[in-house]
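Trainee: Compact mmCIF, C-alpha atoms, saved as coords10.txt, coming up:
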```txt
# COMPACT_ATOMS: atom_id res chain seq x y z
CA MET A 1246 22.90 5.30 -35.41
CA THR A 1247 23.35 5.38 -31.66
CA THR A 1248 26.59 4.37 -30.05
CA ILE A 1249 27.07 1.70 -27.40
CA ASN A 1250 27.74 4.53 -24.97
CA GLU A 1251 24.38 6.15 -25.75
CA GLN A 1252 22.54 2.84 -25.65
CA SER A 1253 24.06 1.98 -22.28
CA ARG A 1254 22.53 5.11 -20.75
CA ALA A 1255 19.09 3.83 -21.69
CA TRP A 1256 19.90 0.36 -20.32
CA GLN A 1257 21.03 1.94 -17.05
CA GLY A 1258 17.63 3.51 -16.43
CA GLU A 1259 16.83 6.63 -14.45
CA GLY A 1260 17.76 7.07 -10.80
CA GLY A 1261 18.88 4.39 -8.41
CA PRO A 1262 21.75 4.40 -5.92
CA ALA A 1263 24.82 6.52 -6.62
CA GLU A 1264 26.86 3.30 -6.81
CA TRP A 1265 24.62 2.12 -9.69
CA THR A 1266 25.45 5.25 -11.66
CA ARG A 1267 29.17 4.89 -10.91
CA ALA A 1268 29.10 1.19 -11.87
CA TRP A 1269 27.63 2.14 -15.24
CA ASP A 1270 30.18 4.92 -15.66
CA ARG A 1271 32.95 2.37 -15.02
CA THR A 1272 31.37 -0.09 -17.44
CA ARG A 1273 31.23 2.60 -20.14
CA GLU A 1274 34.92 3.37 -19.55
CA LEU A 1275 35.73 -0.31 -20.05
CA ILE A 1276 33.59 -0.88 -23.13
CA ASN A 1277 34.65 2.39 -24.76
CA THR A 1278 38.23 1.12 -24.85
CA ARG A 1279 36.96 -1.77 -27.00
CA ALA A 1280 33.93 -0.21 -28.71
CA ASN A 1281 35.14 -1.53 -32.07
CA ARG A 1282 34.62 -5.08 -30.74
CA PHE A 1283 30.88 -4.49 -30.52
CA SER A 1284 29.55 -4.62 -34.03
CA GLU A 1285 26.24 -4.65 -35.83
CA ARG A 1286 26.79 -8.37 -36.41
CA ASP A 1287 26.29 -8.95 -32.70
CA SER A 1288 22.74 -9.13 -31.47
CA ASP A 1289 21.82 -5.81 -29.90
CA ALA A 1290 19.92 -7.68 -27.22
CA SER A 1291 22.92 -9.87 -26.41
CA GLN A 1292 25.17 -6.82 -26.22
CA GLU A 1293 22.61 -5.18 -23.95
CA ASP A 1294 22.51 -8.20 -21.66
CA GLY A 1295 26.28 -8.64 -21.58
CA ILE A 1296 27.07 -5.01 -20.90
CA SER A 1297 24.21 -4.75 -18.38
CA ALA A 1298 25.44 -7.88 -16.60
CA LEU A 1299 28.92 -6.39 -16.37
CA ALA A 1300 27.56 -3.16 -14.87
CA THR A 1301 25.45 -5.18 -12.42
CA ALA A 1302 28.44 -7.31 -11.42
CA ILE A 1303 30.57 -4.22 -10.84
CA TYR A 1304 27.73 -2.73 -8.81
CA ILE A 1305 27.36 -5.84 -6.63
CA VAL A 1306 31.09 -6.17 -5.97
CA ALA A 1307 31.55 -2.46 -5.26
CA ARG A 1308 28.65 -2.34 -2.82
CA GLU A 1309 29.56 -5.56 -1.03
CA GLN A 1310 33.24 -4.70 -0.73
CA ARG A 1311 32.48 -1.02 -0.01
CA ILE A 1312 34.83 0.16 -2.74
CA GLU A 1313 34.48 2.44 -5.71
CA PRO A 1314 33.42 0.72 -8.95
CA ALA A 1315 36.69 1.84 -10.55
CA ALA A 1316 38.51 -0.29 -7.96
CA VAL A 1317 36.60 -3.50 -8.77
CA ALA A 1318 39.06 -6.08 -10.02
CA ARG A 1319 38.37 -8.38 -12.94
CA GLN A 1320 38.97 -11.36 -10.63
CA ALA A 1321 36.07 -10.27 -8.40
CA VAL A 1322 33.74 -10.14 -11.41
CA ASP A 1323 35.02 -13.53 -12.61
CA ASP A 1324 34.38 -14.98 -9.14
CA LEU A 1325 30.83 -13.68 -9.21
CA ILE A 1326 30.02 -15.23 -12.58
CA ARG A 1327 32.02 -18.44 -12.25
CA ARG A 1328 30.00 -21.60 -12.01
CA ARG A 1329 30.84 -23.39 -8.78
CA PRO A 1330 31.03 -27.20 -8.60
CA GLY A 1331 27.58 -28.65 -9.15
CA GLU A 1332 26.01 -25.30 -10.08
CA THR A 1333 23.79 -24.68 -13.06
CA ASP A 1334 23.09 -21.37 -14.78
CA LEU A 1335 19.89 -21.16 -12.72
CA ASP A 1336 21.97 -21.45 -9.53
CA ILE A 1337 24.09 -18.50 -10.67
CA VAL A 1338 20.90 -16.52 -11.35
CA ARG A 1339 19.65 -17.32 -7.84
CA ARG A 1340 23.00 -16.37 -6.33
CA TRP A 1341 22.94 -12.97 -8.05
CA GLU A 1342 19.34 -12.48 -6.89
CA ALA A 1343 20.45 -13.15 -3.32
CA HIS A 1344 23.26 -10.59 -3.66
CA LEU A 1345 20.82 -7.95 -4.91
CA GLU A 1346 18.28 -8.74 -2.18
CA ASN A 1347 21.04 -8.47 0.45
CA LEU A 1348 21.82 -5.03 -0.96
CA GLY A 1349 18.21 -4.00 -0.34
CA HIS A 1350 16.64 -4.51 -3.77
CA ASP A 1351 13.25 -6.08 -4.38
CA ASN A 1352 13.98 -8.04 -7.53
CA ASP A 1353 10.40 -7.60 -8.77
CA ASP A 1354 10.26 -3.81 -8.25
CA LYS A 1355 9.31 -2.06 -11.49
CA THR A 1356 10.50 1.35 -10.24
CA ASP A 1357 14.04 0.49 -9.10
CA PRO A 1358 16.42 0.68 -12.11
CA VAL A 1359 18.65 -2.03 -10.60
CA SER A 1360 15.68 -4.38 -10.26
CA VAL A 1361 14.32 -3.48 -13.70
CA ARG A 1362 17.67 -4.34 -15.27
CA TRP A 1363 17.85 -7.55 -13.22
CA GLN A 1364 14.44 -8.61 -14.53
CA GLN A 1365 15.98 -8.61 -18.03
CA LEU A 1366 19.11 -10.45 -16.95
CA ARG A 1367 17.26 -13.23 -15.13
CA TYR A 1368 14.96 -13.89 -18.09
CA GLU A 1369 15.53 -17.26 -19.75
CA HIS A 1370 15.38 -16.98 -23.54
CA ASP A 1371 14.14 -19.93 -25.58
CA PRO A 1372 14.54 -22.55 -22.84
CA ASP A 1373 12.82 -25.26 -24.88
CA GLU A 1374 14.22 -24.41 -28.30
CA ARG A 1375 17.00 -26.83 -29.19
CA ASN A 1376 17.36 -25.99 -32.90
CA TRP A 1377 19.88 -23.20 -32.45
CA ASP A 1378 21.12 -22.81 -36.00
CA ASP A 1379 20.91 -19.03 -35.79
CA SER A 1380 24.04 -17.98 -33.91
CA LEU A 1381 22.49 -14.57 -33.19
CA ALA A 1382 19.47 -16.03 -31.41
CA ARG A 1383 19.39 -15.49 -27.66
CA HIS A 1384 19.44 -18.64 -25.58
CA GLY A 1385 19.62 -19.15 -21.85
CA TYR A 1386 19.52 -16.51 -19.17
CA GLY A 1387 20.30 -12.94 -20.19
CA LEU A 1388 22.94 -12.90 -17.47
CA THR A 1389 25.09 -15.40 -19.36
CA ALA A 1390 25.80 -12.83 -22.10
CA ILE A 1391 28.46 -11.43 -19.76
CA HIS A 1392 30.72 -14.23 -20.93
CA TYR A 1393 30.91 -12.66 -24.40
CA VAL A 1394 31.73 -9.22 -22.98
CA LEU A 1395 34.51 -10.75 -20.88
CA SER A 1396 35.76 -13.07 -23.62
CA ASP A 1397 39.11 -12.90 -25.35
CA HIS A 1398 37.29 -11.58 -28.42
CA VAL A 1399 36.39 -8.34 -26.63
CA ALA A 1400 39.43 -8.37 -24.32
CA LEU A 1401 38.34 -5.80 -21.74
CA VAL A 1402 41.20 -4.79 -19.50
CA PHE A 1403 40.54 -3.90 -15.89
```
Could you quickly redo this structure as structure tokens?
Mentor:
Amino acid sequence: MTTINEQSRAWQGEGGPAEWTRAWDRTRELINTRANRFSERDSDASQEDGISALATAIYIVAREQRIEPAAVARQAVDDLIRRRPGETDLDIVRRWEAHLENLGHDNDDKTDPVSVRWQQLRYEHDPDERNWDDSLARHGYGLTAIHYVLSDHVALVF
């Protein structure tokens, strides 16, 4: 069985900006302190999306604020994911896309690991399915899985 740490290296992809690598390193530091909170009961895909969204958020904040990923505060990540008055989840997706474009990424590029990861996070799972009896089914945009990773259940401290 592979560990979350090992899986996250695959989710990160090969190459990309140095800040992308450091954002993933910081994310692994954070999740490794709570690795026992990620269990086989959780959907692997949801864990992948949540952890990937956290790494992407750390990357965006670090690049925009010109700081090291280790210096990114939880409040900055919360501000990035928080729904603003009148916003929908799609508006948050568009906002993140704008951040990535402003950082020089083509969100449809299949060779840029940041863009490849974003393509997963912006995907809307089961948008028309309203019979959500299976709590492990993925619903909504992949990006929204960050809420689980940042929840009180996982309790990441940074």
Trainee: Name the closest residue to Glu1346 of chain A among the candidates A:Leu1325, A:Val1359, A:Ala1300, A:Glu1293; distances are taken between atoms, counting all atoms listed in the file.
Mentor: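 Selected residue with least distance to Glu1346 of chain A: A:Val1359.
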Trainee: With distances taken over all atoms listed in the file, which residue among A:Asp1397, A:Glu1274, A:Glu1309, A:Asp1336 lies nearest Asn1250 of chain A?
Mentor: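 Closest candidate: A:Glu1274.
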Trainee: Please compute the atom CA of Gln1257 of chain A-atom CA of Lys1355 of chain A distance, one decimal, in Å.
Mentor: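 Separating atom CA of Gln1257 of chain A from atom CA of Lys1355 of chain A is a distance of 13.6 Å.
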Trainee: Of the candidates A:Arg1339, A:His1350, A:Arg1273, A:Arg1319, which one gets nearest to Ile1296 of chain A if we count all atoms listed in the file?
Mentor: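 Using all atoms listed in the file, Ile1296 of chain A sits closest to A:Arg1273.
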Trainee: What's the 12 Å shell around Arg1340 of chain A, counting all atoms listed in the file, without same-chain residues fewer than 5 positions away, as a list of chain:residue names?
Mentor: A:Ala1302, A:Ile1305, A:Asp1324, A:Leu1325, A:Ile1326, A:Arg1327, A:Arg1328, A:Arg1329, A:Glu1332, A:Thr1333, A:Asp1334, A:Leu1335, A:Leu1345, A:Glu1346, A:Asn1347, A:Arg1367, A:Leu1388
Trainee: By how many Å are atom CA of Tyr1386 of chain A and atom CA of Ile1303 of chain A apart?
Mentor: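 Computing the Euclidean distance for atom CA of Tyr1386 of chain A and atom CA of Ile1303 of chain A yields 18.5 Å.
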Trainee: Can you measure atom CA of Ser1291 of chain A to atom CA of Val1394 of chain A for me? One decimal in Å is fine.
Mentor: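 Computed distance, atom CA of Ser1291 of chain A to atom CA of Val1394 of chain A, equals 9.5 Å.
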Trainee: Using only C-alpha atoms, which of A:Leu1395, A:Ala1307, A:Val1338, A:Ala1343 sits nearest Glu1369 of chain A?
Mentor: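 Between A:Leu1395, A:Ala1307, A:Val1338, A:Ala1343, the residue approaching Glu1369 of chain A most closely is A:Val1338.
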Trainee: Extending 3 Å beyond the listed atoms of segment 1325-1338 of chain A on each side, what axis-aligned box results? I want centre and edge lengths in Å to one decimal, as JSON.
Mentor:
```
{"center_x": 26.0, "center_y": -21.2, "center_z": -11.7, "size_x": 18.1, "size_y": 21.0, "size_z": 12.2}
```
Trainee: Show which residues sit within 6 Å of segment 1389-1392 of chain A, as a list of chain:residue names. Count all atoms listed in the file, and ignore same-chain residues fewer than 5 positions away.
Mentor: A:Ser1291, A:Asp1294, A:Gly1295, A:Ala1298
Trainee: Given the choices A:Trp1269, A:Tyr1304, A:Trp1363, A:Phe1403, which gets closest to Gly1387 of chain A if the distance is worked out from only C-alpha atoms?
Mentor: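 Residue with the minimum atom-to-atom distance to Gly1387 of chain A: A:Trp1363.
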